[in-house]
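Undergrad: Could you have a look at this structure, given as structure tokens, before my questions?
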Number of protein chains: 2
Amino acid sequence: MRHLTSLRYIEAVAKSGSIRRAAESLAINSTALNRRILAVEADLGVPIFERLPRGVRLSAAGEILLQHIRDQLGDMDRVKGLIADLSGERRGHVSIACSQALLPYFLPEQISLYRRAHPGVTFGVHVRDRDEAEQSLISREADIALVFEPVRMSDLELLLAVRQRIEAVLHPDHPLAAKKTLRLRECLSFPIALPTAPYGVRHLLENATRRSSLKLTPVVESDSFEFLYRHALEEKIVTLQIPLGLPPGDTPALVRRSIDTRDVPDGMVYVGQLKGRILPVAASRFCAQIMSAFAERYECI
Amino acid sequence: MRHLTSLRYIEAVAKSGSIRRAAESLAINSTALNRRILAVEADLGVPIFERLPRGVRLSAAGEILLQHIRDQLGDMDRVKGLIADLSGERRGHVSIACSQALLPYFLPEQISLYRRAHPGVTFGVHVRDRDEAEQSLISREADIALVFEPVRMSDLELLLAVRQRIEAVLHPDHPLAAKKTLRLRECLSFPIALPTAPYGVRHLLENATRRSSLKLTPVVESDSFEFLYRHALEEKIVTLQIPLGLPPGDTPALVRRSIDTRDVPDGMVYVGQLKGRILPVAASRFCAQIMSAFAERYECI
DNA sequence: CAAACCGCTGCAAAAATTGCATCACACTAA
DNA sequence: TTAGTGTGATGCAATTTTTGCAGCGGTTTG
């Protein structure tokens, strides 16, 4: 859609903070870009950018305009989806901001399932923590956010909350593998590997141990769930994870045991979108699919 | 805003149903207009218009796009208002679709009051019946609708309902002028002038007399409230009107007497906007003003 | 003080838009 | 049937707009 070019350009300038740099990334001459901005400002009667010695910054009017621009760009995508929809072929792009736990099993499975039915739809998966996820929704980088506890975002419209009981991941030979459910104290008496990030599982554990004599003394810390999980199996130490991040069902190479909820309360994975936004068709349908997948497998609210 | 030109053009073509005719009204060559449309269609991959022997008509995709176009145009107005707002000067345009009764006193008073505070704001007042008012909201011709009973519009977002007791308008010498409140039967025993339209006051009266022995036999009918009112005073016959359509307070040349509510129930004037739309600043503020004016003078819900 | 960026402007080249004349088609009226 | 009228589409030239280059004036940085 050609008529949105100037708007896209403005967005790029706002993001990069410099006309010349934005021009480079847009594969256009900085002069042309500069003139487009001047034209819009003349049209509007107000400067969109403040000129600083090292570049530009959005003015108050620019902030308002940028909000409008993002709405328009997003809405145009949505309209394109609607139109593609009624001409039979389903096209579109779905962009997801999610936490790490969804990466290894859940999203690959769901996306390939969706793409089997609608090969024309493309996907973008971006690993984001909660605040970054919210920013991604606001800037329209992402259509859907899938984030773990705790959530308190003002611009997030909650669509579903999925209850996730913390589970210990063990090598089959690990002594704890014999028991059915584990107490946190038992786990912590063995060498343990934990995620670093102050979010998600680690956040729940910190909360759980704050008022007890238990101490979190991980022998391995990492911000990669993938690494923790592989390492736990290799070295036969314990790690903790939510079910969504683990292979579905039982596998011979890996044992999963729930942690008693008296020790660690269940966490929640939240599905959400930008408040007030109407999602493009593809995103909306995919969202419906994963929500029903969640509802089928886990307790949801 | 230049980038919306094509969208405005498409809207004009959709309205006029012919590229050539739209081109004329847009003061542009039909070739250029035609090509703009072709360009958008190529861009979108789908025809926006069906080509008929006598012109064009929106396709299904076109309907979707038009909806989007109207949203965008409206939103751009809103953004302009917001931006003008923070640069100090209040500019903007407020377009109102309303029933006749608001024309003689209420709107002139309110608009001039508002314009005294904000001379930069311009107004458009369009007389519309209920269905037309709804269409005006949808097409963004109007920002606000002020309509009389009965209302059952799916796209209207109700902001306020103003109770209006039906009143008889009399010459001071009229025999009924001596009484404080009137029964409908008394009024109908004198020559009476009534509005024609099946809406508003007439609708209430028809409902009221349907199940009684009373009969509406107006000696004068007109779709102009102005005429009815002038004529009633001239020929000294009775006419019925809602308070909003009458001069505020008592005047020596005219007597107002309420009709007993046992005979005719109170009507309602509704203030509304398009569902889900965020009004431009000027419209939003003016709306707040008239709503408080209503609330001050009449019983509102 | 020089170098590195920055946004901005004059000017010419390039690209897009527009207008004119005209075509093909469908309907209407004689 | 036939001539006439109104429709959207297209080739081509004129016009307008956009773009890119070179260079200016300013500020920060080393």
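Every chain in the structure tokens has a letter given in the order shown (A, B, ...), and although residue numbers restart at 1 in each chain, ligands are simply numbered from 1 in the order shown.
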Within 9 Å of chain D, which residues of chain A show up when using only C-alpha atoms (C1' of nucleotides), listed as an MDAnalysis selection string?

TA: chainID A and resid 28:29 31:32 53:54

Undergrad: After a least-squares superposition on chain B using every in-order C-alpha pair, I'd like chain A written out as a JSON list (two decimals) with C-alpha atoms, in the first residue's frame.

TA:
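The result, stored in part.json:
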```
[["chain", "number", "residue", "atom", "x", "y", "z"],
["A", 1, "MET", "CA", -3.04, 15.24, 4.62],
["A", 2, "ARG", "CA", -1.94, 14.26, 1.19],
["A", 3, "HIS", "CA", -1.49, 10.57, 1.69],
["A", 4, "LEU", "CA", -5.22, 10.09, 2.15],
["A", 5, "THR", "CA", -6.14, 11.50, -1.25],
["A", 6, "SER", "CA", -6.64, 8.14, -2.91],
["A", 7, "LEU", "CA", -8.82, 7.01, -0.04],
["A", 8, "ARG", "CA", -10.98, 10.11, -0.30],
["A", 9, "TYR", "CA", -11.27, 9.53, -4.02],
["A", 10, "ILE", "CA", -12.38, 5.96, -3.52],
["A", 11, "GLU", "CA", -14.99, 7.09, -1.06],
["A", 12, "ALA", "CA", -16.29, 9.62, -3.56],
["A", 13, "VAL", "CA", -16.49, 7.01, -6.31],
["A", 14, "ALA", "CA", -18.31, 4.64, -4.01],
["A", 15, "LYS", "CA", -20.79, 7.34, -3.18],
["A", 16, "SER", "CA", -21.46, 8.55, -6.71],
["A", 17, "GLY", "CA", -21.34, 5.11, -8.31],
["A", 18, "SER", "CA", -19.38, 6.31, -11.32],
["A", 19, "ILE", "CA", -15.76, 7.19, -11.86],
["A", 20, "ARG", "CA", -16.49, 9.95, -14.33],
["A", 21, "ARG", "CA", -19.10, 11.58, -12.13],
["A", 22, "ALA", "CA", -16.91, 11.32, -9.06],
["A", 23, "ALA", "CA", -14.02, 12.80, -11.02],
["A", 24, "GLU", "CA", -16.16, 15.77, -11.93],
["A", 25, "SER", "CA", -17.16, 16.47, -8.36],
["A", 26, "LEU", "CA", -13.54, 16.07, -7.27],
["A", 27, "ALA", "CA", -12.32, 18.54, -9.90],
["A", 28, "ILE", "CA", -9.97, 15.99, -11.39],
["A", 29, "ASN", "CA", -9.69, 14.17, -14.68],
["A", 30, "SER", "CA", -11.53, 10.87, -14.85],
["A", 31, "THR", "CA", -8.41, 9.24, -16.27],
["A", 32, "ALA", "CA", -6.34, 10.13, -13.25],
["A", 33, "LEU", "CA", -9.04, 8.93, -10.92],
["A", 34, "ASN", "CA", -9.44, 5.70, -12.84],
["A", 35, "ARG", "CA", -5.73, 5.07, -12.64],
["A", 36, "ARG", "CA", -5.60, 5.71, -8.94],
["A", 37, "ILE", "CA", -8.27, 3.11, -8.43],
["A", 38, "LEU", "CA", -6.51, 0.64, -10.68],
["A", 39, "ALA", "CA", -3.32, 1.27, -8.71],
["A", 40, "VAL", "CA", -5.01, 0.55, -5.40],
["A", 41, "GLU", "CA", -6.59, -2.57, -6.81],
["A", 42, "ALA", "CA", -3.26, -3.78, -8.15],
["A", 43, "ASP", "CA", -1.73, -3.00, -4.77],
["A", 44, "LEU", "CA", -4.42, -4.95, -3.01],
["A", 45, "GLY", "CA", -4.54, -7.76, -5.53],
["A", 46, "VAL", "CA", -8.33, -7.62, -5.66],
["A", 47, "PRO", "CA", -10.81, -5.38, -7.48],
["A", 48, "ILE", "CA", -12.43, -2.79, -5.25],
["A", 49, "PHE", "CA", -15.23, -2.02, -7.69],
["A", 50, "GLU", "CA", -17.39, -4.17, -9.89],
["A", 51, "ARG", "CA", -17.59, -2.66, -13.37],
["A", 52, "LEU", "CA", -21.16, -2.34, -14.50],
["A", 53, "PRO", "CA", -22.35, -1.00, -17.83],
["A", 54, "ARG", "CA", -23.55, 2.22, -16.20],
["A", 55, "GLY", "CA", -20.77, 2.72, -13.73],
["A", 56, "VAL", "CA", -19.17, 0.94, -10.84],
["A", 57, "ARG", "CA", -20.27, -0.62, -7.58],
["A", 58, "LEU", "CA", -18.27, -1.61, -4.53],
["A", 59, "SER", "CA", -17.20, -5.25, -4.46],
["A", 60, "ALA", "CA", -17.17, -7.19, -1.21],
["A", 61, "ALA", "CA", -13.51, -6.31, -0.79],
["A", 62, "GLY", "CA", -14.41, -2.72, -1.54],
["A", 63, "GLU", "CA", -16.95, -2.67, 1.25],
["A", 64, "ILE", "CA", -14.32, -3.78, 3.68],
["A", 65, "LEU", "CA", -11.85, -1.25, 2.38],
["A", 66, "LEU", "CA", -14.38, 1.56, 2.50],
["A", 67, "GLN", "CA", -15.06, 0.80, 6.13],
["A", 68, "HIS", "CA", -11.35, 1.07, 6.77],
["A", 69, "ILE", "CA", -11.11, 4.27, 4.77],
["A", 70, "ARG", "CA", -13.83, 5.93, 6.78],
["A", 71, "ASP", "CA", -12.17, 4.86, 10.00],
["A", 72, "GLN", "CA", -8.88, 6.28, 8.84],
["A", 73, "LEU", "CA", -10.27, 9.57, 7.63],
["A", 74, "GLY", "CA", -12.19, 10.02, 10.84],
["A", 75, "ASP", "CA", -9.25, 9.08, 12.97],
["A", 76, "MET", "CA", -7.01, 11.53, 11.13],
["A", 77, "ASP", "CA", -9.43, 14.32, 11.96],
["A", 78, "ARG", "CA", -9.33, 13.24, 15.54],
["A", 79, "VAL", "CA", -5.53, 13.25, 15.57],
["A", 80, "LYS", "CA", -5.45, 16.68, 14.01],
["A", 81, "GLY", "CA", -7.74, 17.90, 16.74],
["A", 82, "LEU", "CA", -5.55, 16.39, 19.43],
["A", 83, "ILE", "CA", -2.47, 18.02, 17.95],
["A", 84, "ALA", "CA", -4.13, 21.40, 17.48],
["A", 85, "ASP", "CA", -5.22, 21.04, 21.04],
["A", 86, "LEU", "CA", -1.80, 20.76, 22.57],
["A", 87, "SER", "CA", -0.51, 23.68, 20.55],
["A", 88, "GLY", "CA", -2.98, 25.81, 22.46],
["A", 89, "GLU", "CA", -5.40, 26.85, 19.77],
["A", 90, "ARG", "CA", -8.55, 24.88, 19.52],
["A", 91, "ARG", "CA", -9.46, 24.11, 15.93],
["A", 92, "GLY", "CA", -11.71, 21.53, 14.43],
["A", 93, "HIS", "CA", -15.09, 20.86, 12.98],
["A", 94, "VAL", "CA", -18.15, 19.40, 14.63],
["A", 95, "SER", "CA", -20.82, 17.86, 12.48],
["A", 96, "ILE", "CA", -24.23, 17.17, 13.97],
["A", 97, "ALA", "CA", -27.13, 15.14, 12.67],
["A", 98, "CYS", "CA", -30.26, 16.14, 14.54],
["A", 99, "SER", "CA", -34.00, 16.28, 14.40],
["A", 100, "GLN", "CA", -35.84, 19.50, 13.63],
["A", 101, "ALA", "CA", -36.76, 20.26, 17.19],
["A", 102, "LEU", "CA", -33.21, 21.19, 18.06],
["A", 103, "LEU", "CA", -32.90, 23.77, 15.30],
["A", 104, "PRO", "CA", -34.74, 26.86, 16.50],
["A", 105, "TYR", "CA", -33.35, 27.35, 20.00],
["A", 106, "PHE", "CA", -31.20, 24.68, 21.50],
["A", 107, "LEU", "CA", -28.46, 24.22, 18.91],
["A", 108, "PRO", "CA", -28.05, 27.88, 17.95],
["A", 109, "GLU", "CA", -27.66, 28.75, 21.60],
["A", 110, "GLN", "CA", -25.24, 25.92, 22.38],
["A", 111, "ILE", "CA", -23.16, 26.37, 19.26],
["A", 112, "SER", "CA", -22.76, 30.09, 19.71],
["A", 113, "LEU", "CA", -21.88, 29.50, 23.35],
["A", 114, "TYR", "CA", -19.20, 27.04, 22.33],
["A", 115, "ARG", "CA", -17.90, 29.23, 19.55],
["A", 116, "ARG", "CA", -17.58, 32.16, 21.90],
["A", 117, "ALA", "CA", -15.02, 30.12, 23.83],
["A", 118, "HIS", "CA", -13.45, 28.47, 20.75],
["A", 119, "PRO", "CA", -13.84, 30.65, 17.67],
["A", 120, "GLY", "CA", -11.61, 28.31, 15.65],
["A", 121, "VAL", "CA", -14.13, 25.52, 15.70],
["A", 122, "THR", "CA", -16.63, 25.28, 12.85],
["A", 123, "PHE", "CA", -19.97, 23.50, 12.85],
["A", 124, "GLY", "CA", -22.19, 21.59, 10.47],
["A", 125, "VAL", "CA", -25.85, 20.98, 11.32],
["A", 126, "HIS", "CA", -27.77, 18.44, 9.26],
["A", 127, "VAL", "CA", -31.46, 17.73, 9.72],
["A", 128, "ARG", "CA", -31.91, 13.98, 9.63],
["A", 129, "ASP", "CA", -34.50, 11.50, 10.73],
["A", 130, "ARG", "CA", -33.34, 8.58, 12.81],
["A", 131, "ASP", "CA", -32.27, 6.24, 10.03],
["A", 132, "GLU", "CA", -30.60, 9.00, 8.10],
["A", 133, "ALA", "CA", -28.86, 10.10, 11.28],
["A", 134, "GLU", "CA", -27.46, 6.63, 11.76],
["A", 135, "GLN", "CA", -26.23, 6.60, 8.17],
["A", 136, "SER", "CA", -24.60, 9.96, 8.73],
["A", 137, "LEU", "CA", -22.74, 8.58, 11.72],
["A", 138, "ILE", "CA", -21.60, 5.52, 9.80],
["A", 139, "SER", "CA", -20.38, 7.53, 6.83],
["A", 140, "ARG", "CA", -18.72, 9.98, 9.21],
["A", 141, "GLU", "CA", -20.80, 12.81, 7.79],
["A", 142, "ALA", "CA", -21.81, 13.46, 11.37],
["A", 143, "ASP", "CA", -19.93, 13.11, 14.64],
["A", 144, "ILE", "CA", -22.92, 13.37, 16.94],
["A", 145, "ALA", "CA", -26.56, 12.47, 16.53],
["A", 146, "LEU", "CA", -29.43, 14.10, 18.43],
["A", 147, "VAL", "CA", -32.59, 12.18, 17.69],
["A", 148, "PHE", "CA", -36.05, 11.80, 19.05],
["A", 149, "GLU", "CA", -37.87, 8.65, 20.07],
["A", 150, "PRO", "CA", -38.06, 5.88, 19.22],
["A", 151, "VAL", "CA", -34.48, 4.73, 18.89],
["A", 152, "ARG", "CA", -33.35, 1.23, 18.10],
["A", 153, "MET", "CA", -30.12, 1.64, 16.19],
["A", 154, "SER", "CA", -27.47, -1.02, 16.21],
["A", 155, "ASP", "CA", -24.55, 1.28, 15.45],
["A", 156, "LEU", "CA", -25.52, 4.05, 17.85],
["A", 157, "GLU", "CA", -23.70, 4.39, 21.12],
["A", 158, "LEU", "CA", -26.11, 6.08, 23.51],
["A", 159, "LEU", "CA", -24.55, 8.85, 25.55],
["A", 160, "LEU", "CA", -27.60, 10.44, 27.13],
["A", 161, "ALA", "CA", -31.36, 10.24, 27.10],
["A", 162, "VAL", "CA", -33.30, 13.44, 27.79],
["A", 163, "ARG", "CA", -36.88, 13.18, 28.99],
["A", 164, "GLN", "CA", -39.26, 15.48, 27.12],
["A", 165, "ARG", "CA", -42.83, 16.02, 28.17],
["A", 166, "ILE", "CA", -45.14, 16.84, 25.29],
["A", 167, "GLU", "CA", -46.41, 20.40, 25.49],
["A", 168, "ALA", "CA", -49.23, 22.22, 23.80],
["A", 169, "VAL", "CA", -48.32, 25.51, 22.18],
["A", 170, "LEU", "CA", -51.04, 28.11, 22.37],
["A", 171, "HIS", "CA", -51.79, 31.69, 21.63],
["A", 172, "PRO", "CA", -52.33, 33.54, 24.95],
["A", 173, "ASP", "CA", -55.97, 34.16, 24.01],
["A", 174, "HIS", "CA", -56.73, 30.50, 23.37],
["A", 175, "PRO", "CA", -59.40, 29.10, 25.70],
["A", 176, "LEU", "CA", -57.08, 26.32, 26.89],
["A", 177, "ALA", "CA", -54.47, 28.84, 27.96],
["A", 178, "ALA", "CA", -56.29, 29.30, 31.23],
["A", 179, "LYS", "CA", -55.59, 25.77, 32.46],
["A", 180, "LYS", "CA", -52.34, 24.61, 33.96],
["A", 181, "THR", "CA", -52.01, 21.14, 32.49],
["A", 182, "LEU", "CA", -54.09, 19.81, 29.67],
["A", 183, "ARG", "CA", -55.61, 16.44, 28.90],
["A", 184, "LEU", "CA", -55.13, 15.20, 25.38],
["A", 185, "ARG", "CA", -58.89, 14.98, 24.94],
["A", 186, "GLU", "CA", -59.21, 18.71, 25.57],
["A", 187, "CYS", "CA", -56.61, 19.54, 22.99],
["A", 188, "LEU", "CA", -58.15, 17.33, 20.36],
["A", 189, "SER", "CA", -61.51, 18.99, 20.81],
["A", 190, "PHE", "CA", -59.99, 22.13, 19.36],
["A", 191, "PRO", "CA", -58.53, 22.52, 15.89],
["A", 192, "ILE", "CA", -55.01, 21.19, 16.00],
["A", 193, "ALA", "CA", -51.86, 21.33, 13.85],
["A", 194, "LEU", "CA", -49.55, 18.32, 13.83],
["A", 195, "PRO", "CA", -46.29, 17.20, 12.26],
["A", 196, "THR", "CA", -46.57, 14.66, 9.47],
["A", 197, "ALA", "CA", -43.47, 12.58, 9.97],
["A", 198, "PRO", "CA", -44.08, 9.15, 11.47],
["A", 199, "TYR", "CA", -41.38, 9.95, 13.99],
["A", 200, "GLY", "CA", -41.08, 11.99, 17.11],
["A", 201, "VAL", "CA", -44.12, 13.70, 18.53],
["A", 202, "ARG", "CA", -46.48, 12.30, 15.92],
["A", 203, "HIS", "CA", -45.29, 8.78, 16.69],
["A", 204, "LEU", "CA", -46.01, 9.24, 20.38],
["A", 205, "LEU", "CA", -49.46, 10.63, 19.65],
["A", 206, "GLU", "CA", -50.33, 7.80, 17.29],
["A", 207, "ASN", "CA", -49.34, 5.33, 19.95],
["A", 208, "ALA", "CA", -51.31, 7.16, 22.59],
["A", 209, "THR", "CA", -54.54, 7.31, 20.58],
["A", 210, "ARG", "CA", -54.35, 3.85, 19.04],
["A", 211, "ARG", "CA", -56.21, 2.14, 21.89],
["A", 212, "SER", "CA", -58.56, 4.94, 22.75],
["A", 213, "SER", "CA", -61.55, 6.57, 21.21],
["A", 214, "LEU", "CA", -59.53, 9.69, 20.52],
["A", 215, "LYS", "CA", -58.77, 10.53, 16.94],
["A", 216, "LEU", "CA", -56.04, 12.65, 15.49],
["A", 217, "THR", "CA", -57.70, 14.95, 12.98],
["A", 218, "PRO", "CA", -55.26, 17.76, 12.38],
["A", 219, "VAL", "CA", -56.51, 20.73, 10.44],
["A", 220, "VAL", "CA", -52.96, 21.49, 9.38],
["A", 221, "GLU", "CA", -50.13, 19.02, 8.83],
["A", 222, "SER", "CA", -46.55, 19.91, 8.03],
["A", 223, "ASP", "CA", -43.12, 18.44, 8.25],
["A", 224, "SER", "CA", -41.81, 21.82, 9.37],
["A", 225, "PHE", "CA", -42.02, 22.49, 13.07],
["A", 226, "GLU", "CA", -41.26, 26.09, 12.38],
["A", 227, "PHE", "CA", -44.34, 26.37, 10.18],
["A", 228, "LEU", "CA", -46.61, 24.57, 12.64],
["A", 229, "TYR", "CA", -45.54, 26.80, 15.43],
["A", 230, "ARG", "CA", -45.94, 30.04, 13.50],
["A", 231, "HIS", "CA", -49.23, 28.93, 12.08],
["A", 232, "ALA", "CA", -50.59, 27.89, 15.45],
["A", 233, "LEU", "CA", -49.91, 31.35, 16.80],
["A", 234, "GLU", "CA", -51.37, 33.02, 13.76],
["A", 235, "GLU", "CA", -54.59, 31.07, 13.52],
["A", 236, "LYS", "CA", -54.87, 30.50, 17.25],
["A", 237, "ILE", "CA", -55.03, 26.75, 16.97],
["A", 238, "VAL", "CA", -53.22, 24.21, 19.13],
["A", 239, "THR", "CA", -50.02, 22.43, 18.19],
["A", 240, "LEU", "CA", -47.89, 20.02, 20.13],
["A", 241, "GLN", "CA", -44.17, 20.16, 20.59],
["A", 242, "ILE", "CA", -41.42, 19.09, 22.96],
["A", 243, "PRO", "CA", -39.88, 21.68, 25.28],
["A", 244, "LEU", "CA", -36.56, 21.58, 23.46],
["A", 245, "GLY", "CA", -38.20, 22.96, 20.36],
["A", 246, "LEU", "CA", -39.72, 25.91, 22.15],
["A", 247, "PRO", "CA", -38.23, 29.19, 23.34],
["A", 248, "PRO", "CA", -36.84, 28.77, 26.83],
["A", 249, "GLY", "CA", -38.91, 30.34, 29.60],
["A", 250, "ASP", "CA", -42.25, 32.10, 29.16],
["A", 251, "THR", "CA", -42.88, 34.64, 26.46],
["A", 252, "PRO", "CA", -45.86, 36.96, 26.22],
["A", 253, "ALA", "CA", -46.64, 35.89, 22.66],
["A", 254, "LEU", "CA", -46.79, 32.19, 23.43],
["A", 255, "VAL", "CA", -48.21, 29.94, 26.09],
["A", 256, "ARG", "CA", -46.89, 26.44, 26.85],
["A", 257, "ARG", "CA", -48.94, 23.86, 28.71],
["A", 258, "SER", "CA", -47.88, 20.30, 29.50],
["A", 259, "ILE", "CA", -50.03, 17.43, 28.34],
["A", 260, "ASP", "CA", -50.97, 15.06, 31.10],
["A", 261, "THR", "CA", -48.64, 12.04, 31.03],
["A", 262, "ARG", "CA", -51.56, 9.71, 31.55],
["A", 263, "ASP", "CA", -52.51, 10.57, 27.98],
["A", 264, "VAL", "CA", -49.16, 10.83, 26.25],
["A", 265, "PRO", "CA", -46.03, 9.36, 27.80],
["A", 266, "ASP", "CA", -42.87, 11.43, 27.89],
["A", 267, "GLY", "CA", -40.65, 11.17, 24.86],
["A", 268, "MET", "CA", -36.92, 10.90, 24.85],
["A", 269, "VAL", "CA", -34.29, 12.81, 22.92],
["A", 270, "TYR", "CA", -31.16, 10.72, 22.57],
["A", 271, "VAL", "CA", -27.61, 11.94, 22.27],
["A", 272, "GLY", "CA", -25.40, 9.40, 20.58],
["A", 273, "GLN", "CA", -22.31, 8.73, 18.54],
["A", 274, "LEU", "CA", -21.07, 5.94, 16.33],
["A", 275, "LYS", "CA", -20.44, 2.81, 18.38],
["A", 276, "GLY", "CA", -16.77, 2.33, 19.15],
["A", 277, "ARG", "CA", -15.63, 5.57, 17.59],
["A", 278, "ILE", "CA", -13.34, 7.95, 19.41],
["A", 279, "LEU", "CA", -14.59, 11.43, 18.65],
["A", 280, "PRO", "CA", -12.32, 14.29, 17.60],
["A", 281, "VAL", "CA", -11.51, 16.64, 20.44],
["A", 282, "ALA", "CA", -13.83, 19.43, 19.34],
["A", 283, "ALA", "CA", -16.78, 17.08, 18.89],
["A", 284, "SER", "CA", -16.09, 15.40, 22.18],
["A", 285, "ARG", "CA", -15.99, 18.70, 24.09],
["A", 286, "PHE", "CA", -19.04, 20.09, 22.43],
["A", 287, "CYS", "CA", -20.84, 16.88, 23.21],
["A", 288, "ALA", "CA", -19.87, 17.23, 26.85],
["A", 289, "GLN", "CA", -21.20, 20.79, 26.82],
["A", 290, "ILE", "CA", -24.61, 19.95, 25.43],
["A", 291, "MET", "CA", -24.89, 16.95, 27.70],
["A", 292, "SER", "CA", -24.37, 19.14, 30.73],
["A", 293, "ALA", "CA", -26.81, 21.66, 29.31],
["A", 294, "PHE", "CA", -29.38, 18.91, 28.95],
["A", 295, "ALA", "CA", -28.69, 17.60, 32.42],
["A", 296, "GLU", "CA", -29.18, 21.07, 33.85],
["A", 297, "ARG", "CA", -32.55, 21.68, 32.29],
["A", 298, "TYR", "CA", -34.24, 18.33, 31.90],
["A", 299, "GLU", "CA", -34.46, 14.99, 33.56],
["A", 300, "CYS", "CA", -31.85, 12.78, 32.00],
["A", 301, "ILE", "CA", -30.99, 9.11, 32.08]]
```

Undergrad: When DSSP works through the backbone of this structure, what residues of range 3-111 of chain B end up as strand (DSSP E or B), shown as a list in words?

TA: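 After running DSSP on the backbone, range 3-111 of chain B has strand (DSSP E or B) at Phe49, Glu50, Arg51, Leu52, Gly55, Val56, Arg57, Leu58, Gly92, His93, Val94, Ser95, Ile96, Ala97 and Cys98 of chain B.
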
Undergrad: Next, the residues of the selection above should be written as an mmCIF file, in the first residue's frame with C-alpha atoms.

TA:
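Just written: out-v3.cif:
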```cif
data_model
loop_
_atom_site.group_PDB
_atom_site.id
_atom_site.type_symbol
_atom_site.label_atom_id
_atom_site.label_comp_id
_atom_site.auth_asym_id
_atom_site.auth_seq_id
_atom_site.Cartn_x
_atom_site.Cartn_y
_atom_site.Cartn_z
ATOM 1 C CA PHE B 49 -15.294 -2.057 -7.655
ATOM 2 C CA GLU B 50 -17.486 -4.201 -9.854
ATOM 3 C CA ARG B 51 -17.662 -2.697 -13.320
ATOM 4 C CA LEU B 52 -21.254 -2.359 -14.429
ATOM 5 C CA GLY B 55 -20.843 2.689 -13.678
ATOM 6 C CA VAL B 56 -19.224 0.919 -10.787
ATOM 7 C CA ARG B 57 -20.318 -0.623 -7.522
ATOM 8 C CA LEU B 58 -18.311 -1.616 -4.483
ATOM 9 C CA GLY B 92 -11.649 21.620 14.486
ATOM 10 C CA HIS B 93 -15.062 20.949 13.038
ATOM 11 C CA VAL B 94 -18.107 19.456 14.675
ATOM 12 C CA SER B 95 -20.773 17.923 12.519
ATOM 13 C CA ILE B 96 -24.182 17.229 14.009
ATOM 14 C CA ALA B 97 -27.095 15.201 12.698
ATOM 15 C CA CYS B 98 -30.227 16.203 14.556
#
```

Undergrad: Could you list, as a list in words, the residues of chain C having an atom within 12 Å of chain B when counting only C-alpha atoms (C1' of nucleotides)?

TA: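 Contact residues on the first chain: DA16, DT17, DT18, DG19, DC20, DA21, DC25, DA26, DC27 and DT28 of chain C.
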
Undergrad: Return as a list in words the full set of residues in range 103-178 of chain A whose backbone-based DSSP assignment is alpha helix (DSSP H).

TA: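 Checking each residue of range 103-178 of chain A, the alpha helix (DSSP H) ones are Phe106, Leu107, Pro108, Glu109, Gln110, Ile111, Ser112, Leu113, Tyr114, Arg115, Arg116, Ala117, Arg130, Asp131, Glu132, Ala133, Glu134, Gln135, Ser136, Leu137 and Ile138 of chain A.
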